[in-house]
Amino acid sequence: MDIQAEKLEIMKMLLETDNPGILNSIRKIFEKELKVDFWENISTDQKDDILKGIEEIENGEFVDYENFINKHK
C-alpha cells in the first residue's frame, strides 16, 4: 500500500471512531512529533557557548556554587 492510500485508510478509521481515547492518543502522537528540539532554534554563537561550557565542566574548570556565593556575600 502506498503512503497516500495508507493516509486515506487512517483518515477513514479516524472519521468513523467515536472513541475519545483513540483520538487523544493520536493527538499526543502528533503533538510529540511537532515538538522541536531547542538546539535547532538557537544561534551558532549560543551553541558554541553551550559546548564551551560543557567542555569547561568536563575539564574541571568551574567554581562550586557554594564557594561562588560565599565569595560574593
# chains A, B, ... in the order shown; residues from 1 in each chain; ligands from 1
call {"tool": "closest_atom_pairs", "arguments": {"of": "range 2-27 of chain A", "to": "range 32-42 of chain A", "cutoff": "12 Å", "atoms": "only C-alpha atoms", "output": "CSV"}}
result
residue,atom,partner,partner_atom,distance
A:Ser25,CA,A:Lys32,CA,10.6
A:Ile26,CA,A:Lys32,CA,10.0
A:Arg27,CA,A:Lys32,CA,8.6
call {"tool": "select_by_dssp", "arguments": {"residues": "chain A", "states": "helix (DSSP H, G or I)", "output": "VMD selection string"}}
result
chain A and resid 3 to 16 20 to 34 38 to 41 44 to 58 65 to 71
call {"tool": "residues_around", "arguments": {"residues": "range 7-13 of chain A", "least_positions_apart": "5", "cutoff": "12 Å", "atoms": "only C-alpha atoms", "output": "JSON, numbers by chain"}}
result
{"A": [1, 2, 18, 19, 22, 23, 26]}
call {"tool": "write_last_selection", "arguments": {"atoms": "C-alpha atoms", "output": "CSV table (one decimal), in the first residue's frame"}}
result
chain,number,residue,atom,x,y,z
A,1,MET,CA,0.0,0.0,0.0
A,2,ASP,CA,1.4,3.4,-0.9
A,18,ASP,CA,-16.2,7.9,18.5
A,19,ASN,CA,-13.6,6.7,21.0
A,22,ILE,CA,-8.1,6.8,20.4
A,23,LEU,CA,-8.5,10.5,19.4
A,26,ILE,CA,-3.5,10.3,18.0
call {"tool": "decode", "arguments": {"residues": "range 35-48 of chain A", "atoms": "C-alpha atoms", "output": "PDB file, in the first residue's frame"}}
result
ATOM      1  CA  LYS A  35       7.870  19.498  19.235  1.00  0.00           C
ATOM      2  CA  VAL A  36      11.124  20.968  18.019  1.00  0.00           C
ATOM      3  CA  ASP A  37      14.439  20.446  19.734  1.00  0.00           C
ATOM      4  CA  PHE A  38      15.602  23.784  21.196  1.00  0.00           C
ATOM      5  CA  TRP A  39      19.051  23.132  19.721  1.00  0.00           C
ATOM      6  CA  GLU A  40      17.621  23.662  16.248  1.00  0.00           C
ATOM      7  CA  ASN A  41      16.307  27.119  17.212  1.00  0.00           C
ATOM      8  CA  ILE A  42      19.382  28.713  18.748  1.00  0.00           C
ATOM      9  CA  SER A  43      22.188  30.581  17.021  1.00  0.00           C
ATOM     10  CA  THR A  44      25.608  29.183  16.242  1.00  0.00           C
ATOM     11  CA  ASP A  45      27.097  31.526  18.858  1.00  0.00           C
ATOM     12  CA  GLN A  46      24.734  30.152  21.501  1.00  0.00           C
ATOM     13  CA  LYS A  47      25.590  26.579  20.531  1.00  0.00           C
ATOM     14  CA  ASP A  48      29.301  27.380  20.712  1.00  0.00           C
TER      15      ASP A  48
END
